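A.B. asks: File final-v9.pdb below, PDB, C-alpha atoms:
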ATOM      1  CA  MET A 702       0.000   0.000   0.000
ATOM      2  CA  SER A 703       1.571   3.248  -1.123
ATOM      3  CA  GLU A 704      -1.332   5.679  -0.813
ATOM      4  CA  SER A 705      -0.576   8.775   1.235
ATOM      5  CA  ARG A 706      -3.573  10.228   3.026
ATOM      6  CA  SER A 707      -4.940  10.872   6.467
ATOM      7  CA  PHE A 708      -7.265   8.301   7.978
ATOM      8  CA  ASP A 709     -10.137  10.242   9.501
ATOM      9  CA  PHE A 710     -11.687   9.229  12.847
ATOM     10  CA  THR A 711     -13.753  12.393  13.306
ATOM     11  CA  VAL A 712     -17.128  10.646  13.012
ATOM     12  CA  PHE A 713     -16.122   8.129  15.642
ATOM     13  CA  HIS A 714     -14.712  10.794  17.955
ATOM     14  CA  GLU A 715     -17.602  13.247  17.728
ATOM     15  CA  GLU A 716     -20.603  10.964  17.244
ATOM     16  CA  LEU A 717     -20.069   7.257  17.923
ATOM     17  CA  TYR A 718     -17.739   7.399  20.911
ATOM     18  CA  PRO A 719     -20.054   9.664  22.987
ATOM     19  CA  LYS A 720     -22.966   7.327  22.171
ATOM     20  CA  TRP A 721     -20.889   4.327  23.264
ATOM     21  CA  LEU A 722     -20.075   6.025  26.576
ATOM     22  CA  LEU A 723     -23.762   6.662  27.180
ATOM     23  CA  ARG A 724     -24.558   3.002  26.522
ATOM     24  CA  ILE A 725     -22.234   1.821  29.301
ATOM     25  CA  ASN A 726     -23.102   4.599  31.729
ATOM     26  CA  SER A 727     -24.802   2.959  34.705
ATOM     27  CA  GLY A 728     -26.812   6.120  35.285
ATOM     28  CA  ARG A 729     -26.063   6.786  38.937
ATOM     29  CA  SER A 730     -23.437   9.502  39.268
ATOM     30  CA  VAL A 731     -20.130  10.746  37.862
ATOM     31  CA  GLY A 732     -17.663   7.966  37.097
ATOM     32  CA  GLU A 733     -19.985   4.978  37.242
ATOM     33  CA  TYR A 734     -19.979   2.699  34.220
ATOM     34  CA  SER A 735     -20.916  -0.895  33.499
ATOM     35  CA  TYR A 736     -18.973  -3.640  31.781
ATOM     36  CA  LYS A 737     -22.053  -4.834  29.899
ATOM     37  CA  ILE A 738     -24.712  -2.645  28.324
ATOM     38  CA  LYS A 739     -27.361  -1.854  30.978
ATOM     39  CA  GLY A 740     -25.334  -3.675  33.616
ATOM     40  CA  PRO A 741     -24.458  -2.507  37.129
ATOM     41  CA  THR A 742     -21.501  -0.276  37.935
ATOM     42  CA  SER A 743     -18.339  -2.349  37.662
ATOM     43  CA  LEU A 744     -14.590  -1.972  38.055
ATOM     44  CA  TYR A 745     -13.789  -2.687  34.419
ATOM     45  CA  GLY A 746     -16.600  -0.549  33.035
ATOM     46  CA  THR A 747     -15.525   2.418  35.121
ATOM     47  CA  CYS A 748     -11.819   1.997  34.327
ATOM     48  CA  ASP A 749     -12.524   1.412  30.634
ATOM     49  CA  ALA A 750     -14.535   4.607  30.387
ATOM     50  CA  LEU A 751     -11.852   6.603  32.172
ATOM     51  CA  ILE A 752      -8.946   5.228  30.143
ATOM     52  CA  SER A 753     -10.832   5.784  26.883
ATOM     53  CA  ARG A 754     -11.522   9.382  27.861
ATOM     54  CA  TYR A 755      -7.841   9.887  28.577
ATOM     55  CA  ILE A 756      -6.856   8.467  25.174
ATOM     56  CA  THR A 757      -9.399  10.538  23.238
ATOM     57  CA  GLY A 758      -8.572  13.678  25.214
ATOM     58  CA  THR A 759     -12.126  14.062  26.490
ATOM     59  CA  ILE A 760     -10.978  13.846  30.089
ATOM     60  CA  GLU A 761      -9.913  17.482  30.181
ATOM     61  CA  ASP A 762     -13.364  18.720  31.202
ATOM     62  CA  LEU A 763     -13.390  16.650  34.406
ATOM     63  CA  SER A 764     -13.264  18.881  37.457
ATOM     64  CA  LYS A 765     -11.161  17.927  40.472
ATOM     65  CA  ASN A 766     -14.369  17.030  42.251
ATOM     66  CA  ASP A 767     -15.442  14.770  39.392
ATOM     67  CA  GLN A 768     -12.032  13.107  39.338
ATOM     68  CA  GLN A 769     -12.344  12.381  43.050
ATOM     69  CA  LYS A 770     -15.798  10.854  42.545
ATOM     70  CA  TRP A 771     -14.421   8.688  39.749
ATOM     71  CA  ALA A 772     -11.555   7.574  41.972
ATOM     72  CA  ASN A 773     -13.994   6.787  44.784
ATOM     73  CA  THR A 774     -15.926   4.480  42.474
ATOM     74  CA  ILE A 775     -12.776   2.630  41.410
ATOM     75  CA  ASN A 776     -11.529   2.350  44.982
ATOM     76  CA  SER A 777     -14.857   0.924  46.131
ATOM     77  CA  PHE A 778     -13.748  -2.298  44.421
ATOM     78  CA  GLN A 779     -10.501  -2.590  46.391
ATOM     79  CA  ASP A 780     -10.052  -5.177  49.124
ATOM     80  CA  GLU A 781      -8.732  -3.488  52.265
ATOM     81  CA  GLU A 782      -7.108  -6.659  53.571
ATOM     82  CA  THR A 783      -4.901  -7.382  50.556
ATOM     83  CA  GLY A 784      -4.941  -4.255  48.402
ATOM     84  CA  HIS A 785      -6.109  -6.261  45.381
ATOM     85  CA  PHE A 786      -8.993  -4.951  43.316
ATOM     86  CA  LYS A 787     -11.915  -7.293  42.899
ATOM     87  CA  ASN A 788     -12.291  -8.769  39.445
ATOM     88  CA  ASP A 789     -15.844  -8.555  38.159
ATOM     89  CA  TYR A 790     -17.278  -9.944  34.920
ATOM     90  CA  THR A 791     -14.026 -10.619  33.032
ATOM     91  CA  ASN A 792     -11.828 -13.706  33.240
ATOM     92  CA  HIS A 793      -8.693 -11.710  33.928
ATOM     93  CA  HIS A 794      -6.418 -12.525  36.849
ATOM     94  CA  GLN A 795      -6.718 -10.391  39.974
ATOM     95  CA  GLU A 796      -3.286  -8.991  39.137
ATOM     96  CA  HIS A 797      -4.733  -7.623  35.910
ATOM     97  CA  ALA A 798      -7.695  -6.071  37.693
ATOM     98  CA  THR A 799      -5.369  -4.485  40.253
ATOM     99  CA  ALA A 800      -2.882  -3.059  37.766
ATOM    100  CA  TYR A 801      -5.707  -1.872  35.505
ATOM    101  CA  ALA A 802      -7.398  -0.016  38.358
ATOM    102  CA  VAL A 803      -4.123   1.492  39.563
ATOM    103  CA  ALA A 804      -3.314   2.643  36.009
ATOM    104  CA  ALA A 805      -6.735   4.263  35.585
ATOM    105  CA  LEU A 806      -6.306   6.109  38.876
ATOM    106  CA  TYR A 807      -2.814   7.199  37.871
ATOM    107  CA  LEU A 808      -4.136   8.816  34.698
ATOM    108  CA  ILE A 809      -6.085  11.316  36.835
ATOM    109  CA  ASP A 810      -3.361  11.629  39.457
ATOM    110  CA  GLN A 811      -5.306   9.625  42.033
ATOM    111  CA  GLU A 812      -4.233   6.714  44.233
ATOM    112  CA  PRO A 813      -5.683   3.470  45.581
ATOM    113  CA  ALA A 814      -7.353   3.720  48.957
ATOM    114  CA  TYR A 815      -5.184   0.989  50.478
ATOM    115  CA  THR A 816      -1.606  -0.173  50.073
ATOM    116  CA  MET A 817      -0.594  -3.233  48.044
ATOM    117  CA  LYS A 818      -0.239  -5.540  51.039
ATOM    118  CA  TRP A 819       0.037  -8.582  48.770
ATOM    119  CA  LYS A 820       3.481  -7.387  47.657
ATOM    120  CA  GLU A 821       5.161  -8.632  50.836
ATOM    121  CA  GLN A 822       4.827 -12.206  49.631
ATOM    122  CA  ILE A 823       6.735 -11.350  46.456
ATOM    123  CA  ILE A 824       9.400  -8.683  46.917
ATOM    124  CA  ARG A 825      10.877  -9.431  50.323
ATOM    125  CA  SER A 826      13.586 -11.759  48.974
ATOM    126  CA  ARG A 827      14.968 -13.110  45.716
ATOM    127  CA  SER A 828      13.677 -16.568  46.544
ATOM    128  CA  ASP A 829      10.162 -15.133  46.921
ATOM    129  CA  MET A 830      10.527 -13.307  43.614
ATOM    130  CA  ARG A 831      11.649 -16.487  41.910
ATOM    131  CA  GLN A 832       8.839 -18.506  43.470
ATOM    132  CA  TRP A 833       6.295 -15.940  42.291
ATOM    133  CA  ILE A 834       7.449 -15.832  38.680
ATOM    134  CA  GLU A 835       7.930 -19.615  38.453
ATOM    135  CA  SER A 836       4.345 -20.119  39.637
ATOM    136  CA  VAL A 837       3.034 -18.468  36.466
ATOM    137  CA  ASN A 838       1.747 -20.751  33.725
ATOM    138  CA  TRP A 839       4.219 -19.802  30.996
ATOM    139  CA  LYS A 840       2.607 -22.257  28.576
ATOM    140  CA  ARG A 841      -0.309 -19.813  28.363
ATOM    141  CA  ILE A 842       1.853 -16.735  27.971
ATOM    142  CA  TRP A 843      -0.850 -14.362  26.722
ATOM    143  CA  PRO A 844      -3.126 -14.460  29.805
ATOM    144  CA  SER A 845      -0.276 -15.236  32.176
ATOM    145  CA  SER A 846       1.627 -12.148  31.075
ATOM    146  CA  HIS A 847      -1.091 -10.130  32.802
ATOM    147  CA  VAL A 848       0.328 -11.452  36.062
ATOM    148  CA  VAL A 849       3.989 -10.998  35.148
ATOM    149  CA  ALA A 850       3.365  -7.404  34.019
ATOM    150  CA  GLY A 851       0.540  -6.580  36.432
ATOM    151  CA  VAL A 852       2.549  -7.018  39.615
ATOM    152  CA  PRO A 853       5.481  -4.713  38.713
ATOM    153  CA  SER A 854       3.129  -2.251  37.022
ATOM    154  CA  ALA A 855       1.019  -1.799  40.150
ATOM    155  CA  LEU A 856       4.134  -1.494  42.300
ATOM    156  CA  ALA A 857       5.733   1.023  39.932
ATOM    157  CA  LEU A 858       2.665   3.262  39.734
ATOM    158  CA  THR A 859       2.024   3.228  43.484
ATOM    159  CA  GLY A 860       5.704   3.626  44.351
ATOM    160  CA  GLU A 861       5.569   0.472  46.471
ATOM    161  CA  GLY A 862       8.216  -1.487  44.596
ATOM    162  CA  ASN A 863      11.922  -1.333  45.324
ATOM    163  CA  GLU A 864      15.059  -1.168  43.211
ATOM    164  CA  LYS A 865      16.073  -4.703  44.116
ATOM    165  CA  PHE A 866      12.821  -6.098  42.777
ATOM    166  CA  PHE A 867      12.780  -4.140  39.517
ATOM    167  CA  ASP A 868      16.433  -4.887  38.825
ATOM    168  CA  TRP A 869      15.815  -8.594  39.369
ATOM    169  CA  TYR A 870      12.650  -8.458  37.237
ATOM    170  CA  PHE A 871      14.319  -7.021  34.151
ATOM    171  CA  ARG A 872      17.336  -9.280  34.512
ATOM    172  CA  PHE A 873      14.954 -12.220  34.466
ATOM    173  CA  LEU A 874      13.115 -10.967  31.369
ATOM    174  CA  ASP A 875      16.360 -10.149  29.566
ATOM    175  CA  ALA A 876      17.646 -13.666  30.146
ATOM    176  CA  GLU A 877      14.405 -15.323  29.051
ATOM    177  CA  ALA A 878      13.825 -13.401  25.801
ATOM    178  CA  ASP A 879      13.991 -15.703  22.771
ATOM    179  CA  PRO A 880      16.951 -14.735  20.518
ATOM    180  CA  ASN A 881      15.101 -15.994  17.438
ATOM    181  CA  SER A 882      12.019 -13.812  17.871
ATOM    182  CA  GLY A 883      12.470 -11.276  20.665
ATOM    183  CA  TYR A 884       9.288 -12.698  22.208
ATOM    184  CA  TRP A 885       9.042 -14.664  25.442
ATOM    185  CA  ARG A 886       8.501 -18.343  24.651
ATOM    186  CA  ARG A 887       9.478 -19.835  27.963
ATOM    187  CA  GLY A 888       6.508 -22.171  27.993
ATOM    188  CA  SER A 889       7.489 -23.828  24.724
ATOM    189  CA  SER A 890      10.026 -26.622  24.469
ATOM    190  CA  LYS A 891      13.438 -25.890  22.971
ATOM    191  CA  ILE A 892      12.514 -28.095  20.021
ATOM    192  CA  ARG A 893       9.319 -26.139  19.372
ATOM    193  CA  GLN A 894      11.168 -22.854  19.669
ATOM    194  CA  LYS A 895      13.665 -24.059  17.089
ATOM    195  CA  LEU A 896      11.265 -25.667  14.622
ATOM    196  CA  PHE A 897       8.176 -23.468  14.811
ATOM    197  CA  LYS A 898       7.747 -19.766  14.280
ATOM    198  CA  PRO A 899       6.193 -17.693  17.086
ATOM    199  CA  ARG A 900       2.452 -17.340  17.202
ATOM    200  CA  ARG A 901      -0.004 -14.527  17.900
ATOM    201  CA  GLY A 902      -0.401 -15.527  21.534
ATOM    202  CA  GLU A 903       3.317 -15.085  22.125
ATOM    203  CA  LEU A 904       3.119 -11.601  20.625
ATOM    204  CA  GLY A 905       0.147 -10.776  22.834
ATOM    205  CA  GLY A 906       2.008 -11.948  25.908
ATOM    206  CA  SER A 907       5.267 -10.220  25.056
ATOM    207  CA  PHE A 908       3.549  -6.873  24.517
ATOM    208  CA  HIS A 909       2.815  -6.648  28.239
ATOM    209  CA  PHE A 910       6.531  -6.774  28.934
ATOM    210  CA  TYR A 911       7.408  -4.225  26.252
ATOM    211  CA  PHE A 912       5.374  -1.485  27.908
ATOM    212  CA  MET A 913       7.140  -2.209  31.184
ATOM    213  CA  TYR A 914      10.495  -1.756  29.420
ATOM    214  CA  GLU A 915       9.168   1.519  28.014
ATOM    215  CA  HIS A 916       8.087   2.791  31.406
ATOM    216  CA  PHE A 917      11.542   2.138  32.840
ATOM    217  CA  ASN A 918      13.246   3.505  29.712
ATOM    218  CA  ARG A 919      14.942   0.207  28.947
ATOM    219  CA  GLU A 920      15.415  -1.235  25.458
ATOM    220  CA  TRP A 921      14.257  -4.812  25.084
ATOM    221  CA  ARG A 922      16.417  -7.429  23.476
ATOM    222  CA  TYR A 923      16.412  -8.520  19.815
ATOM    223  CA  PRO A 924      14.232  -5.667  18.498
ATOM    224  CA  LYS A 925      14.909  -6.506  14.839
ATOM    225  CA  LYS A 926      13.553 -10.015  15.390
ATOM    226  CA  VAL A 927      10.457  -8.524  17.046
ATOM    227  CA  VAL A 928       9.840  -6.377  13.971
ATOM    228  CA  ASP A 929      10.325  -9.313  11.608
ATOM    229  CA  HIS A 930       7.893 -11.627  13.354
ATOM    230  CA  THR A 931       5.320  -8.994  14.255
ATOM    231  CA  LEU A 932       5.055  -7.884  10.622
ATOM    232  CA  ARG A 933       4.805 -11.546   9.581
ATOM    233  CA  LEU A 934       1.852 -12.082  11.906
ATOM    234  CA  GLN A 935      -0.211  -9.210  10.483
ATOM    235  CA  GLU A 936      -3.213 -10.346   8.430
ATOM    236  CA  GLU A 937      -4.024  -9.021   4.955
ATOM    237  CA  ASN A 938      -6.768  -6.805   6.362
ATOM    238  CA  GLY A 939      -4.214  -5.024   8.556
ATOM    239  CA  LEU A 940      -5.266  -6.690  11.796
ATOM    240  CA  TRP A 941      -3.388  -9.184  13.919
ATOM    241  CA  ARG A 942      -6.378 -11.479  14.286
ATOM    242  CA  ASN A 943      -8.545 -12.358  11.334
ATOM    243  CA  ARG A 944     -11.615 -10.492  12.514
ATOM    244  CA  LYS A 945     -13.574  -7.674  10.974
ATOM    245  CA  GLY A 946     -12.403  -4.910  13.276
ATOM    246  CA  PRO A 947      -9.648  -3.777  15.659
ATOM    247  CA  THR A 948      -9.166  -4.759  19.282
ATOM    248  CA  PHE A 949      -6.362  -5.287  21.835
ATOM    249  CA  ILE A 950      -4.167  -7.625  19.770
ATOM    250  CA  ASP A 951      -3.808  -4.850  17.206
ATOM    251  CA  LEU A 952      -2.452  -2.524  19.859
ATOM    252  CA  ASP A 953      -0.034  -5.316  20.782
ATOM    253  CA  GLY A 954       1.154  -5.688  17.206
ATOM    254  CA  LEU A 955       1.513  -1.991  16.471
ATOM    255  CA  PHE A 956       3.239  -1.178  19.755
ATOM    256  CA  ALA A 957       5.686  -4.067  19.301
ATOM    257  CA  ALA A 958       6.481  -3.334  15.663
ATOM    258  CA  ILE A 959       6.765   0.447  15.880
ATOM    259  CA  ARG A 960       8.734   0.714  19.095
ATOM    260  CA  SER A 961      11.011  -2.207  18.279
ATOM    261  CA  SER A 962      11.783  -0.567  14.950
ATOM    262  CA  ARG A 963      12.608   2.642  16.782
ATOM    263  CA  ASN A 964      14.827   0.715  19.213
ATOM    264  CA  ALA A 965      16.768  -0.659  16.231
ATOM    265  CA  ASN A 966      17.376   2.731  14.573
ATOM    266  CA  TRP A 967      14.091   2.473  12.682
ATOM    267  CA  TYR A 968      14.805  -0.923  11.196
ATOM    268  CA  ARG A 969      12.376  -1.621   8.291
ATOM    269  CA  LYS A 970      10.645   1.691   9.000
ATOM    270  CA  SER A 971       8.973   1.959   5.588
ATOM    271  CA  GLU A 972       7.505  -1.529   5.977
ATOM    272  CA  VAL A 973       6.327  -0.725   9.483
ATOM    273  CA  GLU A 974       4.619   2.392   8.117
ATOM    274  CA  GLU A 975       2.921   0.307   5.448
ATOM    275  CA  ALA A 976       1.694  -2.055   8.173
ATOM    276  CA  VAL A 977       0.302   0.949  10.050
ATOM    277  CA  LYS A 978      -1.561   2.065   6.927
ATOM    278  CA  ARG A 979      -3.041  -1.391   6.389
ATOM    279  CA  PHE A 980      -4.327  -1.327   9.951
ATOM    280  CA  LEU A 981      -5.738   2.172   9.607
ATOM    281  CA  VAL A 982      -7.697   1.275   6.471
ATOM    282  CA  THR A 983      -9.705  -1.293   8.414
ATOM    283  CA  ALA A 984      -9.823   0.708  11.645
ATOM    284  CA  GLU A 985     -11.145   3.823   9.893
ATOM    285  CA  ARG A 986     -13.881   1.869   8.135
ATOM    286  CA  ARG A 987     -14.991   0.001  11.227
ATOM    287  CA  LEU A 988     -14.744   2.646  13.939
ATOM    288  CA  ASN A 989     -16.717   5.145  11.854
ATOM    289  CA  ASP A 990     -19.484   2.595  11.241
ATOM    290  CA  GLN A 991     -22.248   3.067  13.811
ATOM    291  CA  GLU A 992     -23.821  -0.345  13.257
ATOM    292  CA  TYR A 993     -20.472  -2.068  13.589
ATOM    293  CA  VAL A 994     -19.503  -0.221  16.775
ATOM    294  CA  GLU A 995     -22.869  -0.931  18.392
ATOM    295  CA  ASN A 996     -22.917  -4.611  17.457
ATOM    296  CA  THR A 997     -19.265  -5.401  18.121
ATOM    297  CA  TYR A 998     -18.238  -3.477  21.227
ATOM    298  CA  THR A 999     -21.047  -4.707  23.440
ATOM    299  CA  SER A1000     -18.847  -4.744  26.542
ATOM    300  CA  SER A1001     -16.694  -1.881  27.723
ATOM    301  CA  HIS A1002     -13.304  -3.524  27.271
ATOM    302  CA  GLY A1003     -12.665  -4.369  23.613
ATOM    303  CA  LEU A1004     -12.948  -0.832  22.296
ATOM    304  CA  ILE A1005     -10.105   0.382  24.529
ATOM    305  CA  GLY A1006      -7.552  -1.680  22.628
ATOM    306  CA  ALA A1007      -8.874  -0.375  19.310
ATOM    307  CA  ILE A1008      -8.605   3.311  20.162
ATOM    308  CA  ALA A1009      -5.250   2.830  21.905
ATOM    309  CA  ALA A1010      -4.018   1.199  18.687
ATOM    310  CA  VAL A1011      -5.110   4.242  16.679
ATOM    311  CA  ALA A1012      -3.432   6.500  19.238
ATOM    312  CA  GLU A1013      -0.204   4.524  18.829
ATOM    313  CA  CYS A1014      -0.315   5.106  15.070
ATOM    314  CA  GLN A1015      -0.957   8.801  15.537
ATOM    315  CA  LYS A1016       1.880   9.162  18.040
ATOM    316  CA  TRP A1017       4.516   7.971  15.581
ATOM    317  CA  PHE A1018       2.917   8.807  12.221
ATOM    318  CA  LYS A1019       0.963  11.992  12.938
ATOM    319  CA  ALA A1020       0.133  12.789   9.325
ATOM    320  CA  LEU A1021      -1.670   9.463   8.900
ATOM    321  CA  VAL A1022      -4.353   9.962  11.563
ATOM    322  CA  LYS A1023      -6.925  12.743  11.697
ATOM    323  CA  THR A1024      -8.887  13.407  14.893
ATOM    324  CA  PRO A1025     -10.532  16.640  16.142
ATOM    325  CA  HIS A1026      -7.630  16.959  18.542
ATOM    326  CA  PRO A1027      -4.660  14.645  19.150
ATOM    327  CA  TRP A1028      -5.283  11.396  20.980
ATOM    328  CA  LYS A1029      -2.861  10.295  23.686
ATOM    329  CA  GLN A1030      -1.286   6.912  24.312
ATOM    330  CA  SER A1031      -2.237   6.105  27.907
ATOM    331  CA  LEU A1032       0.702   3.687  28.179
ATOM    332  CA  ASP A1033       3.075   6.642  27.976
ATOM    333  CA  LYS A1034       1.818   7.759  31.385
ATOM    334  CA  ALA A1035       0.507   4.624  33.093
ATOM    335  CA  CYS A1036       2.226   1.322  32.333
ATOM    336  CA  PHE A1037      -0.753  -1.005  32.050
ATOM    337  CA  ILE A1038      -3.736  -1.515  29.792
TER
END
What does this structure look like when you write it as structure tokens?
C.D. replies:
Amino acid sequence: MSESRSFDFTVFHEELYPKWLLRINSGRSVGEYSYKIKGPTSLYGTCDALISRYITGTIEDLSKNDQQKWANTINSFQDEETGHFKNDYTNHHQEHATAYAVAALYLIDQEPAYTMKWKEQIIRSRSDMRQWIESVNWKRIWPSSHVVAGVPSALALTGEGNEKFFDWYFRFLDAEADPNSGYWRRGSSKIRQKLFKPRRGELGGSFHFYFMYEHFNREWRYPKKVVDHTLRLQEENGLWRNRKGPTFIDLDGLFAAIRSSRNANWYRKSEVEEAVKRFLVTAERRLNDQEYVENTYTSSHGLIGAIAAVAECQKWFKALVKTPHPWKQSLDKACFI
């Protein structure tokens, strides 16, 4: 694809996105949203709405009082005894729910109500750190990466981690990165790693580590290999999963390809830009389609990945994306999504 034009998301921004927010509003007070349409106020619905408003830049009109009300809603889902946030509706691990809530609060400069008491079982010694990370099911790297990224993310954003833990954490990830792909394939046998190319799930899992490297301003290993395999995994329609419209895996693919290319002195930059254009063709068509948005994003969570993916494109290739005002990549402030 060689066409040079801006992909316009104005209709989505001005018409469809506000309607979507209204559909998940639980109708009680400021900062209360549901995960499912017409559902009760939930942690994920409220965080999804807040993070999406940050990305689209529609959070600017929130007063300090409104921000506090929003934070109060999020914190109502926190367990005082452990500090974990209660997972409702989704199948995500509690570490995902906790890091997601902490990240949403961080975007409006708010904090959890209680400390992360669960951390004491992880960061007090190297043996505890090792026991924690070995307990993760690395064979299912995509969902399990929520745990491996969620713990350090929550500790980084609350300031409750320590240098010893973060140093150990990145040393572990550095050592476990696959030299042939730049992904983490720890759950696969050495034979499989040698004979088979990485799959989409390994990209999805590795993405959660890349944004932790970004937050700590560290370059991940084998960035050229990441670019090679991430571009290979893109479908003809520009998405990273053969569906009709964008979602979280597309954010994973774009973030991995673009920022790995940057890390390697813009290795294959023109091809990365072409991949961005292929994605934007489909994203523009789908996100500006009212029927599609209403029928596809029937829970609060999937749309966040789609708009964050567009924001990632706009961040690095500004001329390619048109919005009424610039969108922001939430991961540049809060290291979890």
A.B. asks: Tell me, in Å to one decimal, how far CA of Glu975 (chain A) is from CA of Pro947 (chain A).
C.D. replies: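 Atom-to-atom, CA of Glu975 (chain A) and CA of Pro947 (chain A) are spaced 16.7 Å apart.
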A.B. asks: Tell me, in Å to one decimal, how far CA of Leu904 (chain A) is from CA of Arg887 (chain A).
C.D. replies: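 Result for CA of Leu904 (chain A) versus CA of Arg887 (chain A): 12.7 Å, one decimal.
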A.B. asks: Excluding same-chain residues fewer than 6 positions from region 793-805 of chain A, what lies within 6 Å of it counting all atoms listed in the file, as a VMD selection string?
C.D. replies: chain A and resid 748 752 785 to 786 847 to 848 851 855 1035 1037
A.B. asks: Just so the selection is clear, what residues does the PyMOL selection byres ((chain A and resi 862) around 12) cover here, as a list in words?
C.D. replies: Thr816, Met817, Lys818, Trp819, Lys820, Glu821, Ile823, Ile824, Arg825, Val852, Pro853, Ser854, Ala855, Leu856, Ala857, Leu858, Thr859, Gly860, Glu861, Asn863, Glu864, Lys865, Phe866, Phe867, Asp868, Trp869 and Tyr870 of chain A
A.B. asks: Give me, please, the distance in Å between CA of Ser907 (chain A) and CA of Glu972 (chain A), quoted to one decimal.
C.D. replies: 21.1 Å
A.B. asks: Considering all atoms listed in the file, return as a VMD selection string whatever protein or nucleic-acid residues lie within 12 Å of Arg886 (chain A), sequence-local ones (same chain, fewer than 5 positions apart) excluded.
C.D. replies: chain A and resid 838 to 843 845 to 846 874 876 to 881 891 to 895 897 to 907
A.B. asks: Choose the residue, out of A:His930, A:Arg987, A:His714, A:His1026, that has the smallest atom-to-atom separation from Gly883 (chain A); count all atoms listed in the file.
C.D. replies: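 Nearest to Gly883 (chain A): A:His930.
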A.B. asks: So which one's closest to Trp771 (chain A), A:Ile756, A:Leu988, A:Glu812, A:Tyr736? Using all atoms listed in the file, please.
C.D. replies: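 For Trp771 (chain A), the nearest of the candidates is A:Glu812.
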A.B. asks: Residues proximal to (-5.5, 3.7, 21.3) were defined as those with any atom within 12 Å of that point in the file's coordinates, counting all atoms listed in the file. Which are they, as a VMD selection string?
C.D. replies: chain A and resid 710 749 752 to 758 947 to 953 955 to 956 981 984 988 1003 to 1016 1022 1027 to 1033 1038
A.B. asks: Once 6 Å is added on each side, what are the centre and the three edge lengths, in Å to one decimal, of the axis-aligned box enclosing the listed atoms of region 917-920 of chain A? Present them as JSON.
C.D. replies:
{"center_x": 13.5, "center_y": 1.1, "center_z": 29.1, "size_x": 15.9, "size_y": 16.7, "size_z": 19.4}
A.B. asks: Limit the output to N, CA and C atoms and give region 901-913 of chain A as a PDB file, in the first residue's frame.
C.D. replies:
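Output file decode_0.pdb follows:
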ATOM      1  N   ARG A 901       0.650 -15.756  17.448  1.00  0.00           N
ATOM      2  CA  ARG A 901      -0.004 -14.527  17.900  1.00  0.00           C
ATOM      3  C   ARG A 901      -0.061 -14.435  19.414  1.00  0.00           C
ATOM      4  N   GLY A 902      -0.307 -15.549  20.080  1.00  0.00           N
ATOM      5  CA  GLY A 902      -0.401 -15.527  21.534  1.00  0.00           C
ATOM      6  C   GLY A 902       0.901 -15.100  22.201  1.00  0.00           C
ATOM      7  N   GLU A 903       2.014 -15.475  21.571  1.00  0.00           N
ATOM      8  CA  GLU A 903       3.317 -15.085  22.125  1.00  0.00           C
ATOM      9  C   GLU A 903       3.582 -13.601  21.908  1.00  0.00           C
ATOM     10  N   LEU A 904       3.077 -13.055  20.817  1.00  0.00           N
ATOM     11  CA  LEU A 904       3.119 -11.601  20.625  1.00  0.00           C
ATOM     12  C   LEU A 904       2.274 -10.903  21.675  1.00  0.00           C
ATOM     13  N   GLY A 905       1.045 -11.397  21.863  1.00  0.00           N
ATOM     14  CA  GLY A 905       0.147 -10.776  22.834  1.00  0.00           C
ATOM     15  C   GLY A 905       0.718 -10.790  24.241  1.00  0.00           C
ATOM     16  N   GLY A 906       1.402 -11.884  24.586  1.00  0.00           N
ATOM     17  CA  GLY A 906       2.008 -11.948  25.908  1.00  0.00           C
ATOM     18  C   GLY A 906       3.207 -11.035  26.032  1.00  0.00           C
ATOM     19  N   SER A 907       4.038 -11.004  25.007  1.00  0.00           N
ATOM     20  CA  SER A 907       5.267 -10.220  25.056  1.00  0.00           C
ATOM     21  C   SER A 907       4.984  -8.726  25.116  1.00  0.00           C
ATOM     22  N   PHE A 908       3.919  -8.290  24.482  1.00  0.00           N
ATOM     23  CA  PHE A 908       3.549  -6.873  24.517  1.00  0.00           C
ATOM     24  C   PHE A 908       3.477  -6.324  25.941  1.00  0.00           C
ATOM     25  N   HIS A 909       2.960  -7.121  26.857  1.00  0.00           N
ATOM     26  CA  HIS A 909       2.815  -6.648  28.239  1.00  0.00           C
ATOM     27  C   HIS A 909       4.156  -6.391  28.914  1.00  0.00           C
ATOM     28  N   PHE A 910       5.189  -7.040  28.410  1.00  0.00           N
ATOM     29  CA  PHE A 910       6.531  -6.774  28.934  1.00  0.00           C
ATOM     30  C   PHE A 910       7.149  -5.558  28.249  1.00  0.00           C
ATOM     31  N   TYR A 911       6.842  -5.365  26.969  1.00  0.00           N
ATOM     32  CA  TYR A 911       7.408  -4.225  26.252  1.00  0.00           C
ATOM     33  C   TYR A 911       6.999  -2.904  26.894  1.00  0.00           C
ATOM     34  N   PHE A 912       5.744  -2.782  27.326  1.00  0.00           N
ATOM     35  CA  PHE A 912       5.374  -1.485  27.908  1.00  0.00           C
ATOM     36  C   PHE A 912       5.982  -1.292  29.292  1.00  0.00           C
ATOM     37  N   MET A 913       6.389  -2.381  29.938  1.00  0.00           N
ATOM     38  CA  MET A 913       7.140  -2.209  31.184  1.00  0.00           C
ATOM     39  C   MET A 913       8.555  -1.718  30.882  1.00  0.00           C
TER      40      MET A 913
END
